[in-house]
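Have a look at run.txt; it's compact mmCIF, C-alpha atoms:
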```txt
# COMPACT_ATOMS: atom_id res chain seq x y z
CA MET A 175 -71.14 61.42 -42.36
CA ASP A 176 -72.69 58.08 -41.39
CA VAL A 177 -71.88 55.70 -38.54
CA SER A 178 -69.37 53.77 -40.65
CA ASP A 179 -67.24 56.92 -40.94
CA THR A 180 -66.61 57.04 -37.18
CA ALA A 181 -62.91 57.26 -36.36
CA MET A 182 -61.11 54.24 -34.94
CA LYS A 183 -60.77 53.91 -31.17
CA ILE A 184 -57.44 54.60 -29.50
CA ASP A 185 -56.82 50.90 -28.84
CA ASP A 186 -57.55 50.14 -32.49
CA VAL A 187 -55.09 52.79 -33.66
CA ALA A 188 -52.34 51.22 -31.53
CA LEU A 189 -53.20 47.78 -32.91
CA LEU A 190 -53.20 49.24 -36.41
CA ARG A 191 -49.64 50.47 -35.99
CA GLU A 192 -48.64 47.04 -34.71
CA ALA A 193 -50.31 45.34 -37.69
CA ALA A 194 -48.62 47.65 -40.20
CA SER A 195 -45.17 47.11 -38.66
CA GLY A 196 -45.94 43.41 -38.49
CA TYR A 197 -46.70 43.41 -42.20
CA GLU A 198 -43.19 44.67 -42.84
CA ARG A 199 -41.81 41.83 -40.70
CA LEU A 200 -43.91 39.34 -42.67
CA ARG A 201 -42.58 40.70 -45.96
CA GLU A 202 -39.02 40.58 -44.67
CA GLN A 203 -39.34 36.99 -43.49
CA MET A 204 -40.97 35.84 -46.73
CA GLY A 205 -38.32 37.72 -48.72
CA ARG A 206 -35.69 35.40 -47.23
CA VAL A 207 -37.17 32.57 -49.27
CA ILE A 208 -39.35 34.15 -51.97
CA ILE A 209 -37.50 36.48 -54.33
CA GLY A 210 -39.65 39.09 -56.03
CA GLN A 211 -43.37 38.39 -56.62
CA GLU A 212 -44.39 41.50 -54.65
CA ALA A 213 -47.53 41.69 -56.81
CA ILE A 214 -48.56 38.36 -55.26
CA VAL A 215 -47.20 38.68 -51.71
CA ARG A 216 -49.05 41.89 -50.83
CA PRO A 217 -52.58 40.74 -51.83
CA LEU A 218 -51.90 37.29 -50.40
CA LEU A 219 -51.15 38.86 -47.02
CA ALA A 220 -54.23 41.07 -47.42
CA ALA A 221 -56.29 37.92 -47.83
CA VAL A 222 -54.74 36.49 -44.67
CA PHE A 223 -55.62 39.63 -42.70
CA SER A 224 -59.20 39.57 -43.98
CA GLY A 225 -59.71 35.80 -43.82
CA GLY A 226 -60.40 35.39 -47.55
CA HIS A 227 -59.61 32.46 -49.82
CA VAL A 228 -57.32 32.93 -52.81
CA LEU A 229 -57.05 31.43 -56.30
CA VAL A 230 -53.53 31.59 -57.78
CA VAL A 231 -53.07 31.03 -61.51
CA GLY A 232 -49.60 30.43 -62.87
CA VAL A 233 -47.48 28.07 -64.93
CA PRO A 234 -45.44 25.38 -63.16
CA GLY A 235 -42.15 26.25 -61.52
CA LEU A 236 -43.00 29.70 -60.13
CA ALA A 237 -42.78 28.63 -56.45
CA LYS A 238 -46.49 28.72 -55.71
CA THR A 239 -46.19 25.84 -53.23
CA LEU A 240 -43.05 27.30 -51.64
CA MET A 241 -44.74 30.68 -51.22
CA VAL A 242 -47.76 29.28 -49.38
CA LYS A 243 -45.63 26.96 -47.27
CA THR A 244 -43.33 29.85 -46.35
CA LEU A 245 -46.33 31.99 -45.43
CA ALA A 246 -47.60 29.25 -43.13
CA GLY A 247 -44.18 29.04 -41.47
CA VAL A 248 -43.98 32.79 -40.90
CA LEU A 249 -47.48 32.77 -39.40
CA GLY A 250 -46.90 29.62 -37.36
CA TRP A 251 -50.02 28.05 -38.89
CA ARG A 252 -50.59 24.36 -39.57
CA PHE A 253 -50.05 23.80 -43.29
CA ARG A 254 -51.28 20.98 -45.52
CA ARG A 255 -50.80 20.56 -49.24
CA ILE A 256 -53.43 18.60 -51.14
CA GLN A 257 -52.47 17.51 -54.64
CA PHE A 258 -55.70 17.19 -56.59
CA THR A 259 -55.96 14.32 -59.07
CA PRO A 260 -58.79 12.90 -61.21
CA ASP A 261 -59.22 9.86 -58.93
CA MET A 262 -59.45 11.84 -55.68
CA MET A 263 -62.61 11.37 -53.61
CA PRO A 264 -64.20 13.77 -51.08
CA ALA A 265 -63.15 11.51 -48.19
CA ASP A 266 -59.52 11.98 -49.23
CA ILE A 267 -59.93 15.65 -48.28
CA ILE A 268 -62.41 15.84 -45.42
CA GLY A 269 -61.72 12.47 -43.75
CA MET A 270 -63.95 9.48 -43.17
CA GLU A 271 -65.67 7.29 -40.59
CA LEU A 272 -63.63 4.20 -39.73
CA LEU A 273 -64.48 1.23 -37.57
CA GLN A 274 -62.02 1.26 -34.67
CA GLU A 275 -61.56 -1.10 -31.75
CA ASP A 276 -61.02 0.07 -28.17
CA ALA A 277 -57.91 -1.74 -26.91
CA GLY A 278 -59.19 -1.71 -23.33
CA THR A 279 -62.76 -2.93 -23.76
CA GLY A 280 -62.57 -4.67 -27.11
CA SER A 281 -65.67 -2.77 -28.28
CA ARG A 282 -65.86 -1.42 -31.77
CA GLN A 283 -67.36 1.82 -32.95
CA MET A 284 -67.26 4.20 -35.88
CA ARG A 285 -64.97 7.17 -35.36
CA PHE A 286 -64.26 10.14 -37.58
CA VAL A 287 -60.66 10.33 -38.79
CA PRO A 288 -59.96 13.94 -39.93
CA GLY A 289 -58.53 14.51 -43.39
CA PRO A 290 -55.94 17.08 -44.49
CA ILE A 291 -58.58 19.83 -44.66
CA PHE A 292 -58.19 20.23 -40.88
CA ALA A 293 -55.37 22.77 -40.91
CA ASN A 294 -55.02 26.55 -40.84
CA ILE A 295 -53.80 27.09 -44.38
CA ILE A 296 -54.50 24.66 -47.19
CA LEU A 297 -52.74 24.59 -50.54
CA ALA A 298 -55.24 23.06 -52.95
CA ASP A 299 -52.79 22.33 -55.74
CA GLU A 300 -54.29 22.20 -59.25
CA ILE A 301 -57.86 22.20 -57.97
CA ASN A 302 -59.18 21.97 -61.52
CA ARG A 303 -57.71 18.47 -61.95
CA THR A 304 -60.27 16.80 -59.68
CA PRO A 305 -63.97 16.09 -60.44
CA PRO A 306 -66.72 18.51 -59.32
CA LYS A 307 -67.88 16.25 -56.48
CA THR A 308 -64.47 16.47 -54.82
CA GLN A 309 -64.19 20.19 -55.56
CA ALA A 310 -67.55 20.69 -53.84
CA ALA A 311 -66.30 19.02 -50.65
CA LEU A 312 -63.52 21.60 -50.40
CA LEU A 313 -65.78 24.51 -51.28
CA GLU A 314 -68.28 23.55 -48.55
CA ALA A 315 -65.47 23.83 -46.03
CA MET A 316 -64.46 27.22 -47.45
CA GLN A 317 -67.97 28.62 -47.10
CA GLU A 318 -69.25 27.00 -43.90
CA TYR A 319 -66.00 26.18 -42.02
CA THR A 320 -67.42 22.72 -41.45
CA VAL A 321 -67.33 19.37 -43.23
CA THR A 322 -70.01 16.70 -43.30
CA SER A 323 -69.28 12.97 -43.04
CA MET A 324 -71.98 10.32 -42.64
CA GLY A 325 -74.49 13.05 -41.82
CA GLN A 326 -72.36 14.49 -39.01
CA SER A 327 -70.88 17.99 -39.14
CA HIS A 328 -67.33 18.61 -37.96
CA ALA A 329 -66.10 22.16 -37.37
CA ILE A 330 -62.82 23.42 -38.80
CA GLU A 331 -60.87 25.55 -36.38
CA GLU A 332 -60.16 29.10 -37.51
CA PRO A 333 -58.06 30.68 -38.87
CA PHE A 334 -58.73 28.70 -42.01
CA ILE A 335 -57.68 29.84 -45.47
CA VAL A 336 -57.56 27.96 -48.76
CA VAL A 337 -55.06 28.92 -51.45
CA ALA A 338 -55.99 27.03 -54.60
CA THR A 339 -53.81 26.91 -57.69
CA GLN A 340 -54.66 26.41 -61.34
CA ASN A 341 -52.32 25.74 -64.22
CA PRO A 342 -53.29 27.88 -67.26
CA ILE A 343 -51.74 25.36 -69.64
CA GLU A 344 -52.42 21.63 -70.20
CA GLN A 345 -56.20 21.94 -69.91
CA GLU A 346 -56.82 18.42 -71.19
CA GLY A 347 -58.35 16.24 -68.46
CA THR A 348 -59.28 19.16 -66.21
CA TYR A 349 -62.57 20.14 -64.57
CA PRO A 350 -62.74 23.96 -64.59
CA LEU A 351 -64.46 25.48 -61.58
CA PRO A 352 -67.94 26.82 -62.40
CA GLU A 353 -68.46 30.55 -61.98
CA ALA A 354 -70.64 30.00 -58.90
CA GLN A 355 -67.80 28.13 -57.21
CA LEU A 356 -65.15 30.60 -58.34
CA ASP A 357 -67.18 33.26 -56.55
CA ARG A 358 -66.21 31.64 -53.22
CA PHE A 359 -62.65 32.91 -53.71
CA MET A 360 -62.04 36.44 -52.51
CA LEU A 361 -59.09 37.15 -54.82
CA SER A 362 -57.72 35.75 -58.04
CA LEU A 363 -53.98 36.32 -58.45
CA TRP A 364 -51.94 35.83 -61.61
CA MET A 365 -48.40 34.69 -60.82
CA ASP A 366 -46.10 35.83 -63.62
CA TYR A 367 -42.51 35.06 -64.51
CA PRO A 368 -39.85 36.88 -62.43
CA SER A 369 -37.72 39.62 -63.91
CA ALA A 370 -34.31 38.69 -65.32
CA GLU A 371 -32.54 40.05 -62.22
CA GLU A 372 -34.89 38.19 -59.89
CA GLU A 373 -34.49 34.98 -61.87
CA ARG A 374 -30.71 35.18 -61.65
CA ALA A 375 -31.01 35.63 -57.87
CA ILE A 376 -33.39 32.67 -57.66
CA VAL A 377 -31.05 30.39 -59.56
CA ALA A 378 -28.03 31.48 -57.52
CA THR A 379 -29.65 31.06 -54.09
CA THR A 380 -31.49 27.80 -54.78
CA THR A 381 -28.41 25.99 -56.08
CA GLU A 382 -26.33 26.66 -52.97
CA PRO A 383 -26.17 24.28 -50.01
CA GLY A 384 -28.67 24.79 -47.21
CA GLY A 385 -31.54 27.21 -47.36
CA ALA A 386 -32.90 30.30 -45.69
CA ALA A 387 -34.93 29.76 -42.52
CA VAL A 388 -37.88 31.89 -41.50
CA GLU A 389 -39.07 32.85 -38.05
CA GLN A 390 -42.64 33.04 -36.81
CA ALA A 391 -43.73 36.69 -36.83
CA PHE A 392 -46.94 36.47 -34.80
CA SER A 393 -48.86 34.14 -32.58
CA VAL A 394 -52.16 32.77 -33.85
CA ASP A 395 -54.00 34.92 -31.28
CA GLU A 396 -52.23 38.05 -32.55
CA MET A 397 -53.32 37.25 -36.10
CA ARG A 398 -56.89 36.75 -34.89
CA GLY A 399 -56.68 40.22 -33.39
CA PHE A 400 -55.49 41.69 -36.69
CA ALA A 401 -58.32 39.92 -38.52
CA THR A 402 -60.85 41.41 -36.10
CA LEU A 403 -59.24 44.83 -36.52
CA THR A 404 -59.54 44.56 -40.31
CA ARG A 405 -63.29 44.12 -40.01
CA ARG A 406 -63.49 47.18 -37.74
CA VAL A 407 -61.67 49.54 -40.11
CA PRO A 408 -64.24 52.24 -40.97
CA VAL A 409 -65.33 52.80 -44.56
CA SER A 410 -67.28 55.81 -45.81
CA SER A 411 -70.50 55.57 -47.78
CA HIS A 412 -68.64 57.19 -50.70
CA VAL A 413 -66.16 54.31 -50.86
CA VAL A 414 -68.91 51.71 -50.52
CA ARG A 415 -70.76 53.39 -53.38
CA PHE A 416 -67.58 53.33 -55.46
CA ALA A 417 -67.15 49.57 -54.94
CA VAL A 418 -70.79 48.89 -55.79
CA ASP A 419 -70.63 51.11 -58.88
CA ILE A 420 -67.60 49.17 -60.14
CA ALA A 421 -69.30 45.81 -59.63
CA ARG A 422 -72.54 46.95 -61.27
CA ALA A 423 -70.65 48.41 -64.24
CA THR A 424 -69.42 44.91 -65.18
CA ARG A 425 -72.96 43.62 -65.79
CA PRO A 426 -74.34 43.64 -69.36
CA THR A 427 -77.68 45.17 -68.34
CA ASP A 428 -79.73 47.64 -70.38
CA ASP A 429 -78.10 50.63 -68.68
CA ALA A 430 -74.53 49.32 -69.14
CA ASP A 431 -72.25 50.96 -71.66
CA GLU A 432 -71.93 49.54 -75.16
CA TYR A 433 -68.52 47.94 -74.55
CA VAL A 434 -69.79 45.87 -71.61
CA ARG A 435 -73.01 44.87 -73.42
CA ARG A 436 -70.97 43.76 -76.42
CA TYR A 437 -68.27 41.74 -74.65
CA VAL A 438 -69.60 40.48 -71.29
CA GLU A 439 -71.68 37.34 -70.81
CA TRP A 440 -72.00 37.65 -67.03
CA GLY A 441 -70.80 40.35 -64.69
CA ALA A 442 -69.86 40.36 -61.03
CA GLY A 443 -72.48 39.75 -58.34
CA PRO A 444 -72.98 41.58 -55.02
CA ARG A 445 -70.24 39.51 -53.35
CA ALA A 446 -67.73 41.37 -55.53
CA GLY A 447 -68.60 44.66 -53.83
CA GLN A 448 -68.31 43.04 -50.43
CA HIS A 449 -64.90 41.61 -51.23
CA MET A 450 -63.63 44.87 -52.74
CA VAL A 451 -64.46 46.69 -49.52
CA LEU A 452 -63.07 43.92 -47.31
CA ALA A 453 -59.87 43.66 -49.35
CA GLY A 454 -59.66 47.45 -49.24
CA LYS A 455 -59.83 47.29 -45.44
CA ALA A 456 -57.01 44.76 -45.36
CA LEU A 457 -54.86 46.88 -47.67
CA ALA A 458 -55.53 49.89 -45.44
CA VAL A 459 -54.32 47.88 -42.43
CA LEU A 460 -51.16 46.83 -44.28
CA ASP A 461 -50.53 50.49 -45.11
CA GLY A 462 -51.22 51.61 -41.54
CA GLU A 463 -54.14 53.76 -42.72
CA PRO A 464 -57.08 54.26 -40.29
CA THR A 465 -59.74 54.17 -43.01
CA VAL A 466 -60.35 52.74 -46.48
CA THR A 467 -59.77 55.03 -49.44
CA ALA A 468 -61.05 54.78 -52.99
CA GLY A 469 -57.47 53.98 -53.97
CA HIS A 470 -57.51 50.84 -51.82
CA VAL A 471 -60.73 49.71 -53.52
CA ARG A 472 -59.27 50.47 -56.95
CA ASP A 473 -56.18 48.38 -56.12
CA ALA A 474 -58.37 45.49 -54.97
CA ALA A 475 -60.87 45.64 -57.83
CA PRO A 476 -58.90 43.78 -60.56
CA LEU A 477 -58.03 40.97 -58.12
CA VAL A 478 -61.63 40.64 -56.96
CA LEU A 479 -63.20 40.88 -60.42
CA ARG A 480 -60.80 38.81 -62.54
CA HIS A 481 -62.61 35.51 -61.90
CA ARG A 482 -66.09 37.06 -61.69
CA VAL A 483 -66.35 38.66 -65.13
CA LEU A 484 -67.13 36.20 -67.92
CA PRO A 485 -66.33 37.41 -71.47
CA ASN A 486 -68.69 36.25 -74.21
CA TYR A 487 -68.04 34.84 -77.67
CA ASN A 488 -67.57 38.29 -79.19
CA ALA A 489 -64.79 39.00 -76.71
CA THR A 490 -63.14 35.62 -77.28
CA GLY A 491 -63.22 36.11 -81.05
CA GLU A 492 -61.58 39.53 -80.76
CA GLY A 493 -58.98 38.48 -78.21
CA ILE A 494 -60.55 40.45 -75.37
CA GLY A 495 -60.33 38.90 -71.91
CA ALA A 496 -61.54 39.71 -68.42
CA LYS A 497 -58.50 41.95 -67.81
CA GLU A 498 -59.33 44.26 -70.71
CA ILE A 499 -62.97 44.46 -69.64
CA ILE A 500 -62.03 45.29 -66.04
CA ASP A 501 -59.52 47.93 -67.20
CA HIS A 502 -62.29 49.52 -69.27
CA VAL A 503 -64.69 49.57 -66.34
CA LEU A 504 -62.11 51.09 -63.96
CA GLU A 505 -61.31 53.82 -66.48
CA ARG A 506 -65.01 54.61 -66.83
CA ILE A 507 -65.95 54.76 -63.12
CA ASP A 508 -64.76 57.95 -61.45
CA GLU A 509 -63.53 57.92 -57.89
CA PRO A 510 -65.93 59.55 -55.42
CA THR A 511 -65.66 63.19 -54.40
CA TYR A 512 -66.09 64.12 -50.76
CA VAL A 513 -68.45 67.10 -50.86
```
For the structure just supplied, provide its representation as structure tokens.
Amino acid sequence: MDVSDTAMKIDDVALLREAASGYERLREQMGRVIIGQEAIVRPLLAAVFSGGHVLVVGVPGLAKTLMVKTLAGVLGWRFRRIQFTPDMMPADIIGMELLQEDAGTGSRQMRFVPGPIFANIILADEINRTPPKTQAALLEAMQEYTVTSMGQSHAIEEPFIVVATQNPIEQEGTYPLPEAQLDRFMLSLWMDYPSAEEERAIVATTTEPGGAAVEQAFSVDEMRGFATLTRRVPVSSHVVRFAVDIARATRPTDDADEYVRRYVEWGAGPRAGQHMVLAGKALAVLDGEPTVTAGHVRDAAPLVLRHRVLPNYNATGEGIGAKEIIDHVLERIDEPTYV
């Protein structure tokens, strides 16, 4: 048993119980507005607890904007929506230096006027509709938590999370994110159509007067505490090995199995293993579990790997996508035994 297997402290266990009960309150509050979509809500909240950025893929009309806005309201975070367009420039996101006059002295000087990136949760709507230069301005903020204008760096206050959306249809006039930039996102979530029962409930509730209101579940400081707790959740060497084995099994190297060598152009990098473990920690916190299990990593793996595994031409020709490749890998890699 290594150091990472050490049990949580008593204070951490109490905070863990609070975080798990708080997760239920978050789900309840979001359920007042968002009907169904549990497959999205749970990992989205896991990303919030672990401080990871999220890419959401779904057709128009599935309430992606409403979901993120509702989440911000429940958390009490500052929310900004940025609609990406082909003519958008980096300054439209990060802000710019403007010449301003002091009313008292009459002197003029350049001052930085912050852009919409300076918030706690950003909805980057249809990020693939803006050119790479503008995409890069957002991705710098995601990685460094700073933006640069006229050679000066400006820090973005944490918590800071970006939820970017992509429309899987109408690809004409888009600028798909390169794989290296996609890797900045912790999770990739596919937002599907609701069930028939859920859709009937959506139509009924959204065509009535008024609307459901949500209440703030936590203070920002409480959420910072939960984020710190998530990092402290212990993980055994067996589970770390499991996450690394999954990531390595997606790479078409000489020792990979025939299926992966035949259908994969590029596999997941080391960041995939990091994010599987971190997402596993967040899922453990949501479940009120004091340690990460292989099951948590297995649940996180498809969401972490979906945008990191690139099928090749053979796969495209045979109708095999990243999902089928990931399913194959997860079936092949056995969960660790604790002996």
Padding 8 Å on each side, edges along x, y and z: where is the centre of the box around the listed atoms of range 432-447 of chain A, and how long are its edges in Å to one decimal? Output it as JSON.
```
{"center_x": -70.4, "center_y": 43.4, "center_z": -64.9, "size_x": 21.3, "size_y": 28.2, "size_z": 39.1}
```
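For the pair CA of Ile499 in chain A and CA of Ala458 in chain A, the separation is 25.9 Å.
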Could you give me, as CSV, a per-residue list for range 269-367 of chain A showing, wherever an atom lies at most 12 Å from an atom of range 397-418 of chain A, the closest pair of atoms and their distance in Å to one decimal, using only C-alpha atoms and sorting by chain then residue number from low to high?
```
residue,atom,partner,partner_atom,distance
A:Asn294,CA,A:Met397,CA,11.8
A:Glu331,CA,A:Arg398,CA,12.0
A:Glu332,CA,A:Arg398,CA,8.7
A:Pro333,CA,A:Arg398,CA,7.4
A:Phe334,CA,A:Arg398,CA,10.9
```
Report, in Å to a single decimal, how far apart CA of Arg303 in chain A and CA of Gly226 in chain A are.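 About the pair CA of Gly226 in chain A and CA of Arg303 in chain A: they are 22.4 Å apart.
Closest to Leu240 in chain A among A:Pro352, A:Pro217, A:Gly280, A:Gly205 is A:Gly205, based on only C-alpha atoms.
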Could you add N, CA and C atoms to range 297-330 of chain A and give me the result as a PDB file, keeping the file's coordinate frame?
```pdb
ATOM      1  N   LEU A 297     -53.092  24.379 -49.143  1.00  0.00           N
ATOM      2  CA  LEU A 297     -52.740  24.590 -50.540  1.00  0.00           C
ATOM      3  C   LEU A 297     -53.465  23.530 -51.355  1.00  0.00           C
ATOM      4  N   ALA A 298     -54.480  23.954 -52.076  1.00  0.00           N
ATOM      5  CA  ALA A 298     -55.240  23.060 -52.950  1.00  0.00           C
ATOM      6  C   ALA A 298     -54.593  23.116 -54.324  1.00  0.00           C
ATOM      7  N   ASP A 299     -53.621  22.250 -54.544  1.00  0.00           N
ATOM      8  CA  ASP A 299     -52.790  22.330 -55.740  1.00  0.00           C
ATOM      9  C   ASP A 299     -53.503  21.754 -56.951  1.00  0.00           C
ATOM     10  N   GLU A 300     -53.616  22.573 -57.998  1.00  0.00           N
ATOM     11  CA  GLU A 300     -54.290  22.200 -59.250  1.00  0.00           C
ATOM     12  C   GLU A 300     -55.706  21.690 -58.960  1.00  0.00           C
ATOM     13  N   ILE A 301     -56.499  22.554 -58.365  1.00  0.00           N
ATOM     14  CA  ILE A 301     -57.860  22.200 -57.970  1.00  0.00           C
ATOM     15  C   ILE A 301     -58.710  21.805 -59.161  1.00  0.00           C
ATOM     16  N   ASN A 302     -58.376  22.297 -60.345  1.00  0.00           N
ATOM     17  CA  ASN A 302     -59.180  21.970 -61.520  1.00  0.00           C
ATOM     18  C   ASN A 302     -58.845  20.604 -62.114  1.00  0.00           C
ATOM     19  N   ARG A 303     -58.013  19.810 -61.445  1.00  0.00           N
ATOM     20  CA  ARG A 303     -57.710  18.470 -61.950  1.00  0.00           C
ATOM     21  C   ARG A 303     -58.524  17.384 -61.244  1.00  0.00           C
ATOM     22  N   THR A 304     -59.454  17.785 -60.378  1.00  0.00           N
ATOM     23  CA  THR A 304     -60.270  16.800 -59.680  1.00  0.00           C
ATOM     24  C   THR A 304     -61.736  17.013 -60.046  1.00  0.00           C
ATOM     25  N   PRO A 305     -62.564  15.966 -60.021  1.00  0.00           N
ATOM     26  CA  PRO A 305     -63.970  16.090 -60.440  1.00  0.00           C
ATOM     27  C   PRO A 305     -64.767  17.044 -59.542  1.00  0.00           C
ATOM     28  N   PRO A 306     -65.904  17.546 -60.062  1.00  0.00           N
ATOM     29  CA  PRO A 306     -66.720  18.510 -59.320  1.00  0.00           C
ATOM     30  C   PRO A 306     -67.166  18.035 -57.943  1.00  0.00           C
ATOM     31  N   LYS A 307     -67.431  16.752 -57.774  1.00  0.00           N
ATOM     32  CA  LYS A 307     -67.880  16.250 -56.480  1.00  0.00           C
ATOM     33  C   LYS A 307     -66.811  16.473 -55.407  1.00  0.00           C
ATOM     34  N   THR A 308     -65.556  16.259 -55.773  1.00  0.00           N
ATOM     35  CA  THR A 308     -64.470  16.470 -54.820  1.00  0.00           C
ATOM     36  C   THR A 308     -64.207  17.960 -54.617  1.00  0.00           C
ATOM     37  N   GLN A 309     -64.307  18.745 -55.693  1.00  0.00           N
ATOM     38  CA  GLN A 309     -64.190  20.190 -55.560  1.00  0.00           C
ATOM     39  C   GLN A 309     -65.231  20.724 -54.583  1.00  0.00           C
ATOM     40  N   ALA A 310     -66.446  20.206 -54.680  1.00  0.00           N
ATOM     41  CA  ALA A 310     -67.550  20.690 -53.840  1.00  0.00           C
ATOM     42  C   ALA A 310     -67.282  20.427 -52.364  1.00  0.00           C
ATOM     43  N   ALA A 311     -66.605  19.324 -52.046  1.00  0.00           N
ATOM     44  CA  ALA A 311     -66.300  19.020 -50.650  1.00  0.00           C
ATOM     45  C   ALA A 311     -65.383  20.089 -50.056  1.00  0.00           C
ATOM     46  N   LEU A 312     -64.423  20.541 -50.859  1.00  0.00           N
ATOM     47  CA  LEU A 312     -63.520  21.600 -50.400  1.00  0.00           C
ATOM     48  C   LEU A 312     -64.262  22.923 -50.280  1.00  0.00           C
ATOM     49  N   LEU A 313     -65.107  23.215 -51.268  1.00  0.00           N
ATOM     50  CA  LEU A 313     -65.780  24.510 -51.280  1.00  0.00           C
ATOM     51  C   LEU A 313     -66.804  24.630 -50.163  1.00  0.00           C
ATOM     52  N   GLU A 314     -67.389  23.512 -49.723  1.00  0.00           N
ATOM     53  CA  GLU A 314     -68.280  23.550 -48.550  1.00  0.00           C
ATOM     54  C   GLU A 314     -67.497  23.995 -47.321  1.00  0.00           C
ATOM     55  N   ALA A 315     -66.300  23.460 -47.167  1.00  0.00           N
ATOM     56  CA  ALA A 315     -65.470  23.830 -46.030  1.00  0.00           C
ATOM     57  C   ALA A 315     -65.090  25.306 -46.097  1.00  0.00           C
ATOM     58  N   MET A 316     -64.825  25.824 -47.287  1.00  0.00           N
ATOM     59  CA  MET A 316     -64.460  27.220 -47.450  1.00  0.00           C
ATOM     60  C   MET A 316     -65.603  28.149 -47.054  1.00  0.00           C
ATOM     61  N   GLN A 317     -66.817  27.752 -47.353  1.00  0.00           N
ATOM     62  CA  GLN A 317     -67.970  28.620 -47.100  1.00  0.00           C
ATOM     63  C   GLN A 317     -68.479  28.485 -45.665  1.00  0.00           C
ATOM     64  N   GLU A 318     -68.579  27.253 -45.174  1.00  0.00           N
ATOM     65  CA  GLU A 318     -69.250  27.000 -43.900  1.00  0.00           C
ATOM     66  C   GLU A 318     -68.272  26.769 -42.738  1.00  0.00           C
ATOM     67  N   TYR A 319     -66.992  26.530 -43.041  1.00  0.00           N
ATOM     68  CA  TYR A 319     -66.000  26.180 -42.020  1.00  0.00           C
ATOM     69  C   TYR A 319     -66.392  24.903 -41.269  1.00  0.00           C
ATOM     70  N   THR A 320     -67.082  24.036 -41.966  1.00  0.00           N
ATOM     71  CA  THR A 320     -67.420  22.720 -41.450  1.00  0.00           C
ATOM     72  C   THR A 320     -67.335  21.724 -42.605  1.00  0.00           C
ATOM     73  N   VAL A 321     -67.218  20.440 -42.253  1.00  0.00           N
ATOM     74  CA  VAL A 321     -67.330  19.370 -43.230  1.00  0.00           C
ATOM     75  C   VAL A 321     -68.360  18.372 -42.726  1.00  0.00           C
ATOM     76  N   THR A 322     -68.971  17.651 -43.649  1.00  0.00           N
ATOM     77  CA  THR A 322     -70.010  16.700 -43.300  1.00  0.00           C
ATOM     78  C   THR A 322     -69.585  15.304 -43.723  1.00  0.00           C
ATOM     79  N   SER A 323     -69.624  14.372 -42.762  1.00  0.00           N
ATOM     80  CA  SER A 323     -69.280  12.970 -43.040  1.00  0.00           C
ATOM     81  C   SER A 323     -70.320  12.088 -42.370  1.00  0.00           C
ATOM     82  N   MET A 324     -70.947  11.230 -43.151  1.00  0.00           N
ATOM     83  CA  MET A 324     -71.980  10.320 -42.640  1.00  0.00           C
ATOM     84  C   MET A 324     -73.066  11.087 -41.884  1.00  0.00           C
ATOM     85  N   GLY A 325     -73.424  12.252 -42.417  1.00  0.00           N
ATOM     86  CA  GLY A 325     -74.490  13.050 -41.820  1.00  0.00           C
ATOM     87  C   GLY A 325     -74.094  13.857 -40.609  1.00  0.00           C
ATOM     88  N   GLN A 326     -72.833  13.754 -40.188  1.00  0.00           N
ATOM     89  CA  GLN A 326     -72.360  14.490 -39.010  1.00  0.00           C
ATOM     90  C   GLN A 326     -71.471  15.649 -39.452  1.00  0.00           C
ATOM     91  N   SER A 327     -71.687  16.814 -38.832  1.00  0.00           N
ATOM     92  CA  SER A 327     -70.880  17.990 -39.140  1.00  0.00           C
ATOM     93  C   SER A 327     -69.684  18.065 -38.196  1.00  0.00           C
ATOM     94  N   HIS A 328     -68.563  18.464 -38.745  1.00  0.00           N
ATOM     95  CA  HIS A 328     -67.330  18.610 -37.960  1.00  0.00           C
ATOM     96  C   HIS A 328     -66.755  19.992 -38.246  1.00  0.00           C
ATOM     97  N   ALA A 329     -66.556  20.786 -37.207  1.00  0.00           N
ATOM     98  CA  ALA A 329     -66.100  22.160 -37.370  1.00  0.00           C
ATOM     99  C   ALA A 329     -64.607  22.208 -37.661  1.00  0.00           C
ATOM    100  N   ILE A 330     -64.223  23.160 -38.506  1.00  0.00           N
ATOM    101  CA  ILE A 330     -62.820  23.420 -38.800  1.00  0.00           C
ATOM    102  C   ILE A 330     -62.396  24.637 -37.989  1.00  0.00           C
TER     103      ILE A 330
END
```
